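Novice: Mind looking over this structure? Questions follow.
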2 protein chains.
Amino acid sequence: MPELRKDPVTGRWVIISTERRKRPSAFRLEHVAPLTGIVCPFCEGNEEYTPREVLSYRRNGAAANGPGWDVRVVPNKFPALQVEGGLDRQGEGLFDKMNGVGAHEVIIETPQHDASLATLPAVAIERILWAYRERVLDLRQDRRFRYILVFKNHGPAAGASLDHPHSQLIALPVVPRIVRDEIAGAKQHFQHKERCVYCDIIRQELDQRVRVIAENAEFVALSPYAPRFPFETWIIPKRHGASFEEAPRHEYDALARMLKETLQRMNRALESPPFNLIIHSSPFSENTAEYYHWHIEIMPTLTKVAGFEWGSGFYINPTAPEEAAEVLREVVV
Amino acid sequence: MPELRKDPVTGRWVIISTERRKRPSAFRLEHVAPLTGIVCPFCEGNEEYTPREVLSYRRNGAAANGPGWDVRVVPNKFPALQVEGGLDRQGEGLFDKMNGVGAHEVIIETPQHDASLATLPAVAIERILWAYRERVLDLRQDRRFRYILVFKNHGPAAGASLDHPHSQLIALPVVPRIVRDEIAGAKQHFQHKERCVYCDIIRQELDQRVRVIAENAEFVALSPYAPRFPFETWIIPKRHGASFEEAPRHEYDALARMLKETLQRMNRALESPPFNLIIHSSPFSENTAEYYHWHIEIMPTLTKVAGFEWGSGFYINPTAPEEAAEVLREVVV
């Protein structure tokens, strides 16, 4: 019998479809394999092809905008939003608009064209997380911005237009609705119970152990109870905290290790799938400290979103999270 | 300068990105062309490959479940939801679930394997719309259901697994959140103004004429002010009405003609793109007659939804609706 399941934070329903049940081998898997032999604007030595860097971690004092870096952050050459100017909110009869003011930056994760978060050493991943943190702390001082979304598209099917390992960051003048929904759900839970809903989820999951994929001292990786997509995976800090950028220093090391392990497990089980990774963190303009809990969501691109999803906001998921967790847990890393 | 625009019904923001501005020729277009030479379960003569029909329009009294039909409705062979059983709502600690009870049917639009809504005569399209209506009127008598979504995925990139022209219908035991958002927004507008927000949109669009694509006596096709996707197109009845299935008889004829014309325009301008089509209609369990207004949304599959969209619910659209409307309007049909 298929099941309808409700996400305990947002109230979003999903259909866990047993008739359409799929094990990893049943997906038409698209493997991500970087092309070589083309001029890549993100490779070391090609710094002139990107806008001037806003941050870099460099070896032995190498000069900015040249070789000698480990991580480099540059404005997006084709930004979705523009960093200069005021918001200039306007009406147009019924309609409302404002200037597309925001920041759109690219975090070039490594000089190595064919590396990935699954293959880089944990210490290199920690540096990337640290670069996210530094950029968020800097941009959140800009009073025009209400939210900063850090995300990664891996592979063409997941929307990446360049192969070289990179993440992106978009600073927005409004708090996005998905974040709004999470905040509202978490706040409601707190008002009822005086507990954080994510802390409650962690406790129940660690107790039941059917959806847990991996765990270390600081983080747990799990298949959420009501996942939109097959093999959707969340990485949640065990310690309560609302903001990624305010996590204590030692958590970045533990997160780097958990992220690497999770992606290694996905690569083994799903043959290096394309994926989207998103950091869910509190809007800095609101005090959500008591009830919101930052985390990372990773969604491998295995299915196509179609008319039913676009029309309903419901998702049909052919793989139960208990099965996905079992598959990912049993991978030997 | 890019623009942030707000949908006047749901409050959803989109980014109209000018830096990433795209004319039709700039999309990597995927053309939909049906394969032939395989055994198709939806072709005439192959009725034995589908579950037994629940409705068909037949010529000269041909017997059910054999050849001689114009439109045929069958249960989906791999249904996302199951039609038998009770909802059996249950908790599991923090989590909530219920049985995946619902109906999942396939509307086989024509016996012709290589036809499409753009090539069929208007009278054949009207028959398909009539079949939607009959199935909705039947299924909404089932007290377990709260909503029925009628939709179509055209082409593999839009999620269709079979080439033969078909639409689908899913009856759900809950009202989906996208419908909820529209209902809530339309209700709020009505409470402020005592007018339907969609009627207001139609009036403003027909007045300004920058986003109107086509029009007949009963319907207008337009590019919405805040579209999520390039060339997203809405077809809205001019007469106020909350439910597709309660439209007066002559509107189905006018809709068939407008749908055909709109899809012909898309096929010319975008080289037969894959698309999703969704009927947005009122939940039958609620009285929304004063403030909700049914309509059709069509979204060609031209871009990939990626991390930013999944993490924010915001959409980056590289084609302004004014440009899309101009391109579609200027096509000679």
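Quick note on naming: the chains in the structure tokens go A, B, ... in the order shown, residues restart at 1 in each chain, and ligands are numbered from 1 in order of appearance.
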Excluding Val175 of chain A and its own-chain neighbours fewer than 6 positions away, which residues fall within 7 Å of it when counting only C-alpha atoms? Please give them as a list in words.
Specialist: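 Once the adjacent positions are removed, what remains is Arg146, Tyr147 and Pro283 of chain A.
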Novice: Fit chain A to chain B: least squares, all C-alpha atoms, paired in order; write the output as a CSV table (one decimal) with C-alpha atoms, in the first residue's frame.
Specialist:
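Output saved as result39.csv:
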chain,number,residue,atom,x,y,z
A,1,MET,CA,18.7,45.6,-14.1
A,2,PRO,CA,17.1,42.3,-13.0
A,3,GLU,CA,13.7,42.5,-11.4
A,4,LEU,CA,12.1,40.8,-8.5
A,5,ARG,CA,8.4,40.3,-9.2
A,6,LYS,CA,5.7,39.0,-6.9
A,7,ASP,CA,2.8,36.8,-8.1
A,8,PRO,CA,-0.4,38.7,-7.1
A,9,VAL,CA,-2.2,35.5,-6.1
A,10,THR,CA,0.3,33.4,-4.1
A,11,GLY,CA,2.8,36.0,-3.2
A,12,ARG,CA,5.6,33.9,-4.8
A,13,TRP,CA,8.6,36.0,-5.8
A,14,VAL,CA,10.6,35.4,-9.0
A,15,ILE,CA,13.7,36.9,-10.4
A,16,ILE,CA,13.5,38.1,-14.0
A,17,SER,CA,17.1,37.9,-14.9
A,18,THR,CA,18.3,40.3,-17.6
A,19,GLU,CA,21.9,39.3,-17.4
A,20,ARG,CA,20.9,35.8,-18.3
A,21,ARG,CA,18.4,37.0,-20.8
A,22,LYS,CA,17.3,34.4,-23.2
A,23,ARG,CA,15.5,34.5,-26.6
A,24,PRO,CA,14.0,31.2,-27.8
A,25,SER,CA,17.1,30.3,-29.9
A,26,ALA,CA,19.3,30.5,-26.8
A,27,PHE,CA,17.7,27.5,-25.1
A,28,ARG,CA,19.1,24.1,-25.8
A,29,LEU,CA,15.8,22.9,-27.2
A,30,GLU,CA,14.7,19.4,-26.8
A,31,HIS,CA,12.1,18.5,-29.5
A,32,VAL,CA,9.3,16.0,-28.8
A,33,ALA,CA,9.0,13.5,-31.6
A,34,PRO,CA,7.2,10.3,-30.9
A,35,LEU,CA,9.0,7.0,-31.6
A,36,THR,CA,7.2,4.6,-33.8
A,37,GLY,CA,7.7,0.8,-34.3
A,38,ILE,CA,7.2,-0.2,-30.7
A,39,VAL,CA,4.2,-1.9,-29.2
A,40,CYS,CA,2.2,0.9,-27.6
A,41,PRO,CA,-0.3,0.0,-24.9
A,42,PHE,CA,-2.4,3.1,-25.7
A,43,CYS,CA,-2.8,2.4,-29.5
A,44,GLU,CA,-6.1,1.1,-30.9
A,45,GLY,CA,-6.1,-2.7,-31.0
A,46,ASN,CA,-3.8,-3.0,-27.9
A,47,GLU,CA,-6.6,-2.4,-25.3
A,48,GLU,CA,-5.6,-5.7,-23.6
A,49,TYR,CA,-2.4,-4.0,-22.4
A,50,THR,CA,-4.2,-1.5,-20.2
A,51,PRO,CA,-6.4,-2.1,-17.1
A,52,ARG,CA,-10.1,-2.2,-18.0
A,53,GLU,CA,-11.5,1.2,-19.1
A,54,VAL,CA,-13.6,3.4,-16.8
A,55,LEU,CA,-14.9,5.6,-19.6
A,56,SER,CA,-14.7,5.7,-23.4
A,57,TYR,CA,-16.2,7.7,-26.2
A,58,ARG,CA,-16.9,5.1,-29.0
A,59,ARG,CA,-18.0,5.1,-32.6
A,60,ASN,CA,-21.1,3.2,-33.7
A,61,GLY,CA,-21.5,1.3,-30.4
A,62,ALA,CA,-18.2,-0.5,-30.5
A,63,ALA,CA,-17.8,-2.8,-27.4
A,64,ALA,CA,-15.8,-1.6,-24.3
A,65,ASN,CA,-12.1,-2.6,-24.0
A,66,GLY,CA,-11.7,-3.2,-27.8
A,67,PRO,CA,-11.1,-0.9,-30.8
A,68,GLY,CA,-13.5,1.7,-32.0
A,69,TRP,CA,-12.9,4.6,-29.6
A,70,ASP,CA,-12.0,8.3,-29.8
A,71,VAL,CA,-11.0,8.9,-26.1
A,72,ARG,CA,-10.4,6.2,-23.5
A,73,VAL,CA,-9.9,6.5,-19.7
A,74,VAL,CA,-8.2,3.7,-17.8
A,75,PRO,CA,-6.7,3.3,-14.4
A,76,ASN,CA,-3.0,3.9,-14.4
A,77,LYS,CA,-1.2,0.5,-14.5
A,78,PHE,CA,1.4,1.7,-12.0
A,79,PRO,CA,-0.7,4.0,-9.8
A,80,ALA,CA,0.9,6.4,-7.4
A,81,LEU,CA,-2.1,5.9,-5.1
A,82,GLN,CA,-4.4,3.0,-4.5
A,83,VAL,CA,-8.2,3.3,-5.0
A,84,GLU,CA,-9.3,0.7,-2.4
A,85,GLY,CA,-9.3,1.1,1.4
A,86,GLY,CA,-9.7,3.7,4.1
A,87,LEU,CA,-7.4,6.5,5.0
A,88,ASP,CA,-6.4,5.1,8.4
A,89,ARG,CA,-4.6,8.2,9.7
A,90,GLN,CA,-1.8,7.3,12.1
A,91,GLY,CA,0.9,8.9,14.1
A,92,GLU,CA,4.4,7.4,14.6
A,93,GLY,CA,5.9,9.5,17.4
A,94,LEU,CA,6.5,12.9,15.8
A,95,PHE,CA,5.4,11.8,12.4
A,96,ASP,CA,2.0,11.6,10.7
A,97,LYS,CA,0.9,9.3,7.9
A,98,MET,CA,-2.1,7.9,6.2
A,99,ASN,CA,-2.8,5.2,3.6
A,100,GLY,CA,-2.0,6.3,0.1
A,101,VAL,CA,-5.7,6.2,-1.0
A,102,GLY,CA,-6.6,7.9,-4.2
A,103,ALA,CA,-7.4,7.4,-7.8
A,104,HIS,CA,-4.8,7.6,-10.6
A,105,GLU,CA,-6.2,7.4,-14.1
A,106,VAL,CA,-4.9,7.9,-17.6
A,107,ILE,CA,-6.9,9.8,-20.3
A,108,ILE,CA,-5.8,8.4,-23.7
A,109,GLU,CA,-6.5,11.4,-25.8
A,110,THR,CA,-6.7,9.8,-29.3
A,111,PRO,CA,-6.1,6.5,-31.0
A,112,GLN,CA,-3.5,8.3,-33.2
A,113,HIS,CA,0.0,7.6,-31.8
A,114,ASP,CA,1.6,10.6,-33.4
A,115,ALA,CA,-1.1,13.2,-32.9
A,116,SER,CA,-0.9,15.9,-30.3
A,117,LEU,CA,-3.1,18.6,-28.8
A,118,ALA,CA,-1.6,21.0,-31.3
A,119,THR,CA,-2.5,18.9,-34.3
A,120,LEU,CA,-5.8,17.3,-33.4
A,121,PRO,CA,-9.0,19.1,-34.6
A,122,ALA,CA,-10.6,21.3,-32.0
A,123,VAL,CA,-13.6,19.0,-31.8
A,124,ALA,CA,-11.3,16.1,-30.7
A,125,ILE,CA,-9.7,18.3,-28.1
A,126,GLU,CA,-13.2,19.3,-26.8
A,127,ARG,CA,-14.0,15.6,-26.4
A,128,ILE,CA,-10.8,15.2,-24.2
A,129,LEU,CA,-11.9,18.1,-22.1
A,130,TRP,CA,-15.3,16.6,-21.8
A,131,ALA,CA,-13.7,13.3,-20.6
A,132,TYR,CA,-11.8,15.2,-17.9
A,133,ARG,CA,-15.1,16.7,-16.8
A,134,GLU,CA,-16.9,13.4,-16.7
A,135,ARG,CA,-14.2,11.7,-14.6
A,136,VAL,CA,-14.0,14.6,-12.2
A,137,LEU,CA,-17.8,14.7,-11.7
A,138,ASP,CA,-17.8,11.0,-11.0
A,139,LEU,CA,-14.8,10.9,-8.7
A,140,ARG,CA,-15.8,13.9,-6.6
A,141,GLN,CA,-18.7,11.8,-5.3
A,142,ASP,CA,-16.2,9.7,-3.4
A,143,ARG,CA,-16.1,11.2,0.1
A,144,ARG,CA,-12.5,10.2,0.8
A,145,PHE,CA,-11.2,12.6,-1.8
A,146,ARG,CA,-10.6,16.3,-1.3
A,147,TYR,CA,-9.0,17.3,-4.6
A,148,ILE,CA,-8.6,16.0,-8.2
A,149,LEU,CA,-5.6,17.2,-10.2
A,150,VAL,CA,-5.8,16.9,-14.0
A,151,PHE,CA,-2.5,17.3,-15.7
A,152,LYS,CA,-0.4,16.4,-18.8
A,153,ASN,CA,3.3,15.6,-19.2
A,154,HIS,CA,4.3,16.0,-22.8
A,155,GLY,CA,7.7,14.5,-23.9
A,156,PRO,CA,10.3,12.6,-21.9
A,157,ALA,CA,12.0,15.7,-20.5
A,158,ALA,CA,8.7,16.7,-19.0
A,159,GLY,CA,8.3,13.4,-17.3
A,160,ALA,CA,6.1,11.4,-19.8
A,161,SER,CA,7.1,7.8,-19.9
A,162,LEU,CA,4.9,7.0,-23.0
A,163,ASP,CA,4.8,8.9,-26.3
A,164,HIS,CA,1.2,8.2,-27.1
A,165,PRO,CA,-0.9,11.4,-26.4
A,166,HIS,CA,-2.3,11.1,-22.9
A,167,SER,CA,-3.2,13.1,-19.8
A,168,GLN,CA,-3.5,12.0,-16.2
A,169,LEU,CA,-5.8,12.6,-13.2
A,170,ILE,CA,-5.0,12.0,-9.6
A,171,ALA,CA,-7.7,12.2,-6.9
A,172,LEU,CA,-6.1,13.0,-3.5
A,173,PRO,CA,-7.4,12.8,0.1
A,174,VAL,CA,-5.8,16.2,1.0
A,175,VAL,CA,-5.9,19.5,-0.8
A,176,PRO,CA,-2.4,20.1,-2.2
A,177,ARG,CA,-0.4,23.1,-0.8
A,178,ILE,CA,-0.1,24.9,-4.1
A,179,VAL,CA,-3.9,24.9,-4.4
A,180,ARG,CA,-4.1,26.0,-0.7
A,181,ASP,CA,-1.7,28.9,-1.5
A,182,GLU,CA,-3.8,30.1,-4.4
A,183,ILE,CA,-7.1,29.8,-2.5
A,184,ALA,CA,-5.6,31.7,0.5
A,185,GLY,CA,-4.3,34.4,-1.8
A,186,ALA,CA,-7.5,34.8,-3.8
A,187,LYS,CA,-9.5,34.8,-0.6
A,188,GLN,CA,-7.4,37.6,1.0
A,189,HIS,CA,-7.7,39.7,-2.2
A,190,PHE,CA,-11.5,39.2,-2.1
A,191,GLN,CA,-11.7,40.2,1.6
A,192,HIS,CA,-9.8,43.5,0.8
A,193,LYS,CA,-11.5,44.4,-2.5
A,194,GLU,CA,-14.6,42.2,-2.9
A,195,ARG,CA,-13.3,41.3,-6.3
A,196,CYS,CA,-11.8,38.2,-7.8
A,197,VAL,CA,-8.0,38.6,-8.2
A,198,TYR,CA,-8.0,36.7,-11.4
A,199,CYS,CA,-10.8,38.8,-12.8
A,200,ASP,CA,-8.6,41.8,-11.9
A,201,ILE,CA,-5.6,40.3,-13.6
A,202,ILE,CA,-7.6,39.7,-16.8
A,203,ARG,CA,-8.9,43.3,-16.8
A,204,GLN,CA,-5.4,44.8,-16.3
A,205,GLU,CA,-3.8,42.4,-18.9
A,206,LEU,CA,-6.4,43.1,-21.6
A,207,ASP,CA,-6.0,46.8,-20.9
A,208,GLN,CA,-2.2,46.8,-21.1
A,209,ARG,CA,-1.9,44.1,-23.8
A,210,VAL,CA,1.9,43.6,-23.2
A,211,ARG,CA,1.5,40.1,-21.8
A,212,VAL,CA,-1.5,38.9,-23.8
A,213,ILE,CA,-0.7,36.1,-26.3
A,214,ALA,CA,-4.1,35.3,-27.8
A,215,GLU,CA,-7.8,35.8,-27.1
A,216,ASN,CA,-11.2,34.5,-28.1
A,217,ALA,CA,-14.7,35.3,-26.9
A,218,GLU,CA,-14.4,33.2,-23.8
A,219,PHE,CA,-10.6,32.8,-23.0
A,220,VAL,CA,-7.4,34.7,-22.8
A,221,ALA,CA,-3.9,33.2,-23.1
A,222,LEU,CA,-1.2,35.3,-21.4
A,223,SER,CA,2.3,35.3,-20.0
A,224,PRO,CA,1.8,35.8,-16.2
A,225,TYR,CA,3.4,38.8,-14.6
A,226,ALA,CA,5.7,36.7,-12.4
A,227,PRO,CA,6.3,33.5,-14.3
A,228,ARG,CA,8.5,30.8,-12.7
A,229,PHE,CA,9.6,29.5,-16.1
A,230,PRO,CA,10.5,31.0,-19.5
A,231,PHE,CA,7.3,31.0,-21.8
A,232,GLU,CA,5.1,29.8,-18.9
A,233,THR,CA,1.5,30.5,-20.2
A,234,TRP,CA,-1.8,30.7,-18.5
A,235,ILE,CA,-5.2,30.2,-20.2
A,236,ILE,CA,-8.0,31.9,-18.2
A,237,PRO,CA,-11.7,31.9,-18.8
A,238,LYS,CA,-13.0,35.5,-19.0
A,239,ARG,CA,-16.2,34.6,-17.2
A,240,HIS,CA,-15.7,34.2,-13.5
A,241,GLY,CA,-16.0,30.5,-12.3
A,242,ALA,CA,-14.3,28.5,-9.7
A,243,SER,CA,-14.4,25.0,-11.1
A,244,PHE,CA,-13.3,23.6,-14.5
A,245,GLU,CA,-15.9,20.8,-14.3
A,246,GLU,CA,-18.8,23.3,-13.7
A,247,ALA,CA,-18.0,25.5,-16.8
A,248,PRO,CA,-20.9,25.9,-19.1
A,249,ARG,CA,-20.9,23.6,-22.1
A,250,HIS,CA,-19.9,26.2,-24.8
A,251,GLU,CA,-16.7,27.1,-22.9
A,252,TYR,CA,-15.2,23.7,-23.6
A,253,ASP,CA,-15.4,24.4,-27.3
A,254,ALA,CA,-13.8,27.8,-26.9
A,255,LEU,CA,-11.1,26.3,-24.6
A,256,ALA,CA,-10.3,23.6,-27.1
A,257,ARG,CA,-9.7,26.2,-29.7
A,258,MET,CA,-7.6,28.4,-27.4
A,259,LEU,CA,-5.6,25.4,-26.2
A,260,LYS,CA,-4.8,24.2,-29.7
A,261,GLU,CA,-3.8,27.7,-30.8
A,262,THR,CA,-1.6,28.3,-27.8
A,263,LEU,CA,0.2,24.9,-28.3
A,264,GLN,CA,0.6,25.6,-32.0
A,265,ARG,CA,2.3,29.0,-31.1
A,266,MET,CA,4.6,27.2,-28.6
A,267,ASN,CA,5.5,24.6,-31.2
A,268,ARG,CA,6.4,27.1,-33.8
A,269,ALA,CA,8.3,29.5,-31.5
A,270,LEU,CA,10.1,26.8,-29.4
A,271,GLU,CA,10.3,23.9,-31.9
A,272,SER,CA,7.8,21.5,-30.3
A,273,PRO,CA,9.1,21.7,-26.7
A,274,PRO,CA,8.3,19.2,-23.9
A,275,PHE,CA,5.8,20.8,-21.5
A,276,ASN,CA,3.6,20.3,-18.4
A,277,LEU,CA,0.0,21.3,-18.5
A,278,ILE,CA,-2.1,21.6,-15.3
A,279,ILE,CA,-5.7,22.5,-14.6
A,280,HIS,CA,-6.0,24.6,-11.6
A,281,SER,CA,-9.6,24.2,-10.2
A,282,SER,CA,-11.3,24.7,-6.9
A,283,PRO,CA,-11.3,22.0,-4.3
A,284,PHE,CA,-14.9,20.6,-4.4
A,285,SER,CA,-15.0,20.4,-0.6
A,286,GLU,CA,-14.9,24.1,-0.2
A,287,ASN,CA,-17.1,27.0,-1.3
A,288,THR,CA,-14.7,29.2,-3.1
A,289,ALA,CA,-17.3,30.4,-5.7
A,290,GLU,CA,-16.9,34.1,-5.1
A,291,TYR,CA,-13.1,34.4,-5.1
A,292,TYR,CA,-11.4,31.5,-6.9
A,293,HIS,CA,-11.1,31.3,-10.7
A,294,TRP,CA,-10.1,28.2,-12.5
A,295,HIS,CA,-7.5,28.3,-15.2
A,296,ILE,CA,-4.8,26.2,-17.0
A,297,GLU,CA,-1.1,26.7,-16.6
A,298,ILE,CA,1.4,25.4,-19.3
A,299,MET,CA,5.1,25.3,-18.6
A,300,PRO,CA,7.5,24.3,-21.4
A,301,THR,CA,10.5,22.4,-20.1
A,302,LEU,CA,13.3,24.8,-21.2
A,303,THR,CA,15.4,25.2,-18.1
A,304,LYS,CA,16.6,23.0,-15.2
A,305,VAL,CA,15.4,23.5,-11.7
A,306,ALA,CA,18.4,23.5,-9.4
A,307,GLY,CA,19.7,24.1,-5.9
A,308,PHE,CA,18.6,27.7,-5.7
A,309,GLU,CA,15.0,26.9,-6.5
A,310,TRP,CA,14.9,23.8,-4.3
A,311,GLY,CA,16.3,25.7,-1.4
A,312,SER,CA,14.3,28.9,-1.7
A,313,GLY,CA,11.1,28.3,-3.7
A,314,PHE,CA,12.3,31.4,-5.6
A,315,TYR,CA,12.6,30.9,-9.4
A,316,ILE,CA,15.2,32.6,-11.7
A,317,ASN,CA,13.6,33.2,-15.0
A,318,PRO,CA,15.8,34.3,-17.9
A,319,THR,CA,13.0,35.4,-20.2
A,320,ALA,CA,10.7,38.4,-19.3
A,321,PRO,CA,7.0,37.5,-19.8
A,322,GLU,CA,6.6,40.6,-22.0
A,323,GLU,CA,9.2,39.2,-24.4
A,324,ALA,CA,7.8,35.7,-24.3
A,325,ALA,CA,4.3,37.0,-25.0
A,326,GLU,CA,5.6,39.0,-27.9
A,327,VAL,CA,7.4,36.0,-29.4
A,328,LEU,CA,4.3,33.8,-29.0
A,329,ARG,CA,1.9,36.5,-30.3
A,330,GLU,CA,3.9,37.1,-33.4
A,331,VAL,CA,3.9,33.5,-34.5
A,332,VAL,CA,1.6,33.0,-37.6
A,333,VAL,CA,-0.8,30.1,-36.9
